[in-house]
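As stored in my_file-v7.cif (mmCIF, C-alpha atoms):
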data_query
#
loop_
_atom_site.label_atom_id
_atom_site.label_comp_id
_atom_site.auth_asym_id
_atom_site.auth_seq_id
_atom_site.Cartn_x
_atom_site.Cartn_y
_atom_site.Cartn_z
CA MET D 24 1.99 6.67 25.55
CA MET D 25 0.98 9.31 23.01
CA GLN D 26 -1.83 8.70 20.55
CA LEU D 27 -2.17 10.42 17.18
CA GLU D 28 -5.36 12.50 17.04
CA LYS D 29 -5.14 14.21 13.65
CA VAL D 30 -2.81 14.52 10.68
CA ILE D 31 -2.49 17.83 8.90
CA GLY D 32 -1.18 17.54 5.35
CA ASN D 33 -0.11 14.62 3.22
CA THR D 34 2.82 13.34 1.20
CA ILE D 35 0.91 12.39 -1.93
CA LYS D 36 3.30 12.43 -4.88
CA SER D 37 1.31 10.40 -7.40
CA SER D 38 -2.14 9.01 -8.10
CA CYS D 39 -1.03 5.67 -6.61
CA ALA D 40 -0.86 7.25 -3.17
CA LEU D 41 -4.61 7.76 -2.80
CA SER D 42 -6.77 4.64 -2.60
CA VAL D 43 -10.50 4.13 -2.05
CA ASN D 44 -12.18 1.33 -0.14
CA ALA D 45 -14.98 0.34 -2.54
CA VAL D 46 -16.99 -1.21 0.30
CA THR D 47 -16.96 1.57 2.90
CA GLY D 48 -16.18 4.63 0.77
CA GLU D 49 -13.26 5.55 3.03
CA PHE D 50 -10.00 6.50 1.43
CA ALA D 51 -6.40 6.16 2.55
CA TYR D 52 -3.42 8.38 1.83
CA PRO D 53 0.14 8.67 3.12
CA ALA D 54 1.34 11.43 5.40
CA GLY D 55 5.00 10.69 6.04
CA CYS D 56 5.24 7.26 7.68
CA VAL D 57 1.51 7.16 8.51
CA LEU D 58 -1.33 5.85 6.36
CA VAL D 59 -4.32 8.09 7.12
CA PHE D 60 -7.91 6.86 6.72
CA TYR D 61 -10.53 9.48 5.94
CA ASN D 62 -14.30 8.98 5.94
CA PRO D 63 -15.97 11.55 3.63
CA ARG D 64 -19.43 10.84 5.08
CA LYS D 65 -18.25 11.75 8.56
CA ASN D 66 -15.85 14.40 7.23
CA ARG D 67 -13.04 13.22 9.49
CA GLN D 68 -9.98 11.04 9.77
CA THR D 69 -10.96 7.72 11.32
CA HIS D 70 -7.71 5.86 12.00
CA TYR D 71 -4.00 5.63 11.23
CA PHE D 72 -1.62 2.78 10.39
CA SER D 73 2.16 2.87 10.40
CA SER D 74 4.96 0.35 10.14
CA SER D 75 7.49 -0.26 12.86
CA ASN D 76 10.41 1.03 10.78
CA ASN D 77 8.91 4.52 10.28
CA LYS D 78 9.83 4.95 6.60
CA ALA D 79 7.77 7.35 4.50
CA LEU D 80 4.92 5.73 2.58
CA GLN D 81 4.60 6.29 -1.17
CA CYS D 82 1.54 4.35 -2.41
CA SER D 83 -1.51 2.49 -1.12
CA ALA D 84 -4.21 0.08 -2.30
CA PHE D 85 -7.28 -1.59 -0.77
CA SER D 86 -8.35 -5.14 -1.52
CA ALA D 87 -11.59 -5.45 -3.52
CA ASP D 88 -13.50 -6.66 -0.44
CA GLY D 89 -12.12 -3.80 1.68
CA CYS D 90 -10.67 -6.19 4.27
CA TYR D 91 -7.02 -5.34 3.61
CA VAL D 92 -4.96 -2.30 2.77
CA ALA D 93 -1.39 -2.32 1.49
CA ALA D 94 1.18 0.47 1.41
CA GLY D 95 4.62 0.74 -0.18
CA GLU D 96 7.53 2.67 1.29
CA SER D 97 9.91 5.14 -0.30
CA GLY D 98 13.69 5.32 -0.02
CA ARG D 99 16.34 2.59 0.03
CA GLN D 100 15.39 -1.00 0.83
CA PRO D 101 11.65 -0.24 1.09
CA SER D 102 9.02 -2.69 2.25
CA VAL D 103 5.41 -3.29 1.27
CA HIS D 104 3.06 -3.60 4.26
CA VAL D 105 -0.40 -5.18 4.51
CA TRP D 106 -2.86 -4.53 7.34
CA ASP D 107 -6.30 -5.85 8.27
CA THR D 108 -8.56 -2.79 7.90
CA SER D 109 -11.00 -3.72 10.67
CA SER D 110 -8.50 -4.55 13.43
CA GLY D 111 -5.45 -2.58 12.27
CA THR D 112 -3.32 -5.70 12.67
CA HIS D 113 -0.10 -5.61 10.64
CA LEU D 114 -0.26 -8.84 8.62
CA ALA D 115 2.74 -8.79 6.30
CA GLU D 116 5.96 -7.01 5.45
CA LEU D 117 7.36 -7.85 2.02
CA GLN D 118 10.93 -6.92 1.14
CA GLY D 119 12.81 -7.17 -2.13
CA HIS D 120 12.85 -3.76 -3.81
CA SER D 121 16.07 -1.71 -3.78
CA PHE D 122 14.45 1.70 -4.10
CA THR D 123 11.02 3.34 -3.65
CA VAL D 124 7.87 1.29 -4.30
CA LYS D 125 5.87 3.47 -6.73
CA ALA D 126 2.70 1.38 -7.20
CA ILE D 127 0.95 -1.58 -5.59
CA GLN D 128 -2.25 -3.51 -6.22
CA LEU D 129 -4.01 -6.44 -4.58
CA SER D 130 -5.69 -9.03 -6.81
CA ARG D 131 -9.48 -9.19 -6.81
CA ASP D 132 -9.47 -12.38 -4.74
CA GLY D 133 -6.99 -10.79 -2.30
CA ARG D 134 -4.45 -13.59 -2.69
CA LEU D 135 -1.79 -11.77 -4.71
CA LEU D 136 -0.07 -8.41 -4.39
CA ALA D 137 1.83 -6.72 -7.23
CA SER D 138 4.43 -4.05 -6.50
CA ALA D 139 6.42 -1.86 -8.89
CA GLY D 140 9.58 -0.07 -7.86
CA SER D 141 10.83 3.27 -9.08
CA ARG D 142 12.89 3.58 -12.25
CA GLY D 143 16.03 3.19 -10.11
CA ASP D 144 14.67 -0.10 -8.74
CA GLY D 145 13.39 -1.36 -12.08
CA ARG D 146 11.45 -4.31 -10.66
CA LEU D 147 7.88 -5.54 -10.90
CA LYS D 148 7.14 -8.20 -8.29
CA VAL D 149 4.10 -10.39 -7.63
CA TRP D 150 3.73 -11.91 -4.18
CA GLU D 151 1.51 -14.39 -2.40
CA TRP D 152 1.53 -11.88 0.42
CA ARG D 153 0.16 -14.06 3.23
CA SER D 154 3.09 -16.49 2.94
CA GLY D 155 5.59 -13.85 1.78
CA THR D 156 6.37 -15.91 -1.31
CA LEU D 157 7.64 -14.05 -4.36
CA ILE D 158 6.03 -15.78 -7.37
CA ALA D 159 7.10 -13.43 -10.19
CA ASN D 160 9.89 -10.91 -10.66
CA ALA D 161 10.39 -8.88 -13.84
CA ARG D 162 12.76 -6.11 -14.84
CA PHE D 163 11.54 -2.95 -16.59
CA LYS D 164 13.14 0.22 -17.92
CA ILE D 165 10.21 2.63 -17.90
CA GLU D 166 8.49 4.34 -14.99
CA ILE D 167 5.37 2.43 -13.88
CA HIS D 168 2.64 4.71 -12.53
CA SER D 169 -0.13 2.22 -11.73
CA LEU D 170 -0.91 -1.49 -11.58
CA ASP D 171 -4.01 -3.62 -11.94
CA PHE D 172 -4.95 -7.25 -12.31
CA SER D 173 -7.12 -8.59 -15.14
CA SER D 174 -10.58 -9.89 -14.27
CA SER D 175 -9.06 -13.39 -14.06
CA ASP D 176 -6.52 -12.04 -11.51
CA ASN D 177 -3.57 -12.27 -13.88
CA VAL D 178 -1.12 -9.38 -13.75
#
Show this structure as structure tokens.
Amino acid sequence: MMQLEKVIGNTIKSSCALSVNAVTGEFAYPAGCVLVFYNPRKNRQTHYFSSSNNKALQCSAFSADGCYVAAGESGRQPSVHVWDTSSGTHLAELQGHSFTVKAIQLSRDGRLLASAGSRGDGRLKVWEWRSGTLIANARFKIEIHSLDFSSSDNV
């Protein structure tokens, strides 16, 4: 079995691709179908996550406590993935967008995940990601470039 040692380059297309773990200072960014973790204190890549379907990743976001990281895919029928940052365990795969997921965000309490599709998808979705339950679904006509939750964890 081959093991990835280093990624050269990235596929960052927007500011939603790069995310920072507020607890550890590490950041994550997509490079094709791999989410690369980089530690600036050590000046090196520390680990890599990828989904089983090998679609290119478009955006990423850490939970406020740094325990989880989510990434959205590009292309047709994309998924949103959530991993445990300490173990690398793939915890959830959320499906429901038709085209590229452009932005994602986890709520401050880590319970909810918001995802916005590309203009062609035109959907903003809010999930209880652990159960995979879609709790809100809205249509939009403009390009969404970023998402955040209010301090009370409302979208």
### Selection result for the PyMOL selection byres ((chain D and resi 118-131) around 8) on this file, as a VMD selection string
chain D and resid 39 to 40 81 to 88 93 to 103 116 to 117 132 to 141 143 to 144 146 167 to 172 174 176
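Put simply, atom CA of Leu157 of chain D is 14.3 Å away from atom CA of His104 of chain D.
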Residues in the PyMOL selection byres ((chain D and resi 105-109) around 6), expressed as a PDB file with C-alpha atoms, keeping the file's coordinate frame:
ATOM      1  CA  CYS D  90     -10.670  -6.190   4.270  1.00  0.00           C
ATOM      2  CA  TYR D  91      -7.020  -5.340   3.610  1.00  0.00           C
ATOM      3  CA  VAL D  92      -4.960  -2.300   2.770  1.00  0.00           C
ATOM      4  CA  ALA D  93      -1.390  -2.320   1.490  1.00  0.00           C
ATOM      5  CA  HIS D 104       3.060  -3.600   4.260  1.00  0.00           C
ATOM      6  CA  SER D 110      -8.500  -4.550  13.430  1.00  0.00           C
ATOM      7  CA  GLY D 111      -5.450  -2.580  12.270  1.00  0.00           C
ATOM      8  CA  THR D 112      -3.320  -5.700  12.670  1.00  0.00           C
ATOM      9  CA  HIS D 113      -0.100  -5.610  10.640  1.00  0.00           C
ATOM     10  CA  LEU D 114      -0.260  -8.840   8.620  1.00  0.00           C
ATOM     11  CA  ALA D 115       2.740  -8.790   6.300  1.00  0.00           C
TER      12      ALA D 115
END
### Query
Using the chain letters and numbers from the file, which residues does the PyMOL selection byres ((chain D and resi 43-55) around 6) grab, as a PyMOL selection string?
chain D and resi 33-34+40-42+56-62+79-80+85+89
### Message
If I take atom CA of Phe163 of chain D and atom CA of Leu147 of chain D, how far is one from the other in Å, to one decimal?
### Response
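According to the coordinates, atom CA of Phe163 of chain D and atom CA of Leu147 of chain D are separated by 7.2 Å.
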Any chance you could work out the axis-aligned box around segment 113-126 of chain D, listed atoms only, 8 Å on each side, giving centre and edge lengths in Å to one decimal, as lines of an AutoDock Vina configuration file?
center_x = 7.9
center_y = -2.7
center_z = 1.7
size_x = 32.3
size_y = 28.3
size_z = 33.8
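As for atom CA of Asn77 of chain D and atom CA of Asn160 of chain D, they are spaced 26.0 Å apart.
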Please, can segment 153-171 of chain D be completed to N, CA, C and O atoms and returned as a short mmCIF file (atom, residue, chain, number, x, y, z; two decimals), in the frame of the given file?
data_model
loop_
_atom_site.label_atom_id
_atom_site.label_comp_id
_atom_site.auth_asym_id
_atom_site.auth_seq_id
_atom_site.Cartn_x
_atom_site.Cartn_y
_atom_site.Cartn_z
N ARG D 153 0.38 -13.42 1.91
CA ARG D 153 0.16 -14.06 3.23
C ARG D 153 1.35 -14.94 3.63
O ARG D 153 1.73 -14.99 4.79
N SER D 154 1.93 -15.63 2.66
CA SER D 154 3.09 -16.49 2.94
C SER D 154 4.41 -15.76 2.73
O SER D 154 5.46 -16.26 3.13
N GLY D 155 4.36 -14.60 2.08
CA GLY D 155 5.59 -13.85 1.78
C GLY D 155 6.35 -14.40 0.59
O GLY D 155 7.50 -14.03 0.36
N THR D 156 5.71 -15.27 -0.18
CA THR D 156 6.37 -15.91 -1.31
C THR D 156 6.35 -15.02 -2.54
O THR D 156 5.29 -14.55 -2.97
N LEU D 157 7.52 -14.79 -3.11
CA LEU D 157 7.64 -14.05 -4.36
C LEU D 157 7.40 -15.03 -5.50
O LEU D 157 8.14 -16.02 -5.64
N ILE D 158 6.35 -14.82 -6.31
CA ILE D 158 6.03 -15.78 -7.37
C ILE D 158 6.39 -15.27 -8.76
O ILE D 158 6.45 -16.05 -9.70
N ALA D 159 6.66 -13.97 -8.91
CA ALA D 159 7.10 -13.43 -10.19
C ALA D 159 7.95 -12.20 -9.95
O ALA D 159 7.70 -11.43 -9.01
N ASN D 160 8.96 -12.02 -10.80
CA ASN D 160 9.89 -10.91 -10.66
C ASN D 160 10.34 -10.53 -12.06
O ASN D 160 10.96 -11.34 -12.74
N ALA D 161 10.02 -9.32 -12.49
CA ALA D 161 10.39 -8.88 -13.84
C ALA D 161 11.14 -7.57 -13.77
O ALA D 161 10.94 -6.76 -12.87
N ARG D 162 12.00 -7.35 -14.74
CA ARG D 162 12.76 -6.11 -14.84
C ARG D 162 12.09 -5.22 -15.87
O ARG D 162 11.58 -5.69 -16.87
N PHE D 163 12.09 -3.90 -15.63
CA PHE D 163 11.54 -2.95 -16.59
C PHE D 163 12.43 -1.72 -16.65
O PHE D 163 13.22 -1.47 -15.74
N LYS D 164 12.30 -0.96 -17.74
CA LYS D 164 13.14 0.22 -17.92
C LYS D 164 12.35 1.52 -17.92
O LYS D 164 12.93 2.58 -17.94
N ILE D 165 11.04 1.42 -17.89
CA ILE D 165 10.21 2.63 -17.90
C ILE D 165 9.61 2.83 -16.51
O ILE D 165 9.57 1.92 -15.70
N GLU D 166 9.15 4.03 -16.26
CA GLU D 166 8.49 4.34 -14.99
C GLU D 166 7.07 3.76 -15.01
O GLU D 166 6.30 4.01 -15.92
N ILE D 167 6.72 2.98 -14.01
CA ILE D 167 5.37 2.43 -13.88
C ILE D 167 4.60 3.32 -12.92
O ILE D 167 5.06 3.59 -11.81
N HIS D 168 3.42 3.78 -13.35
CA HIS D 168 2.64 4.71 -12.53
C HIS D 168 1.44 4.06 -11.86
O HIS D 168 0.88 4.63 -10.93
N SER D 169 1.00 2.90 -12.35
CA SER D 169 -0.13 2.22 -11.73
C SER D 169 -0.12 0.75 -12.13
O SER D 169 0.50 0.37 -13.12
N LEU D 170 -0.81 -0.06 -11.34
CA LEU D 170 -0.91 -1.49 -11.58
C LEU D 170 -2.36 -1.92 -11.45
O LEU D 170 -3.13 -1.31 -10.72
N ASP D 171 -2.70 -3.00 -12.13
CA ASP D 171 -4.01 -3.62 -11.94
C ASP D 171 -3.92 -5.06 -12.38
O ASP D 171 -3.02 -5.45 -13.13
#
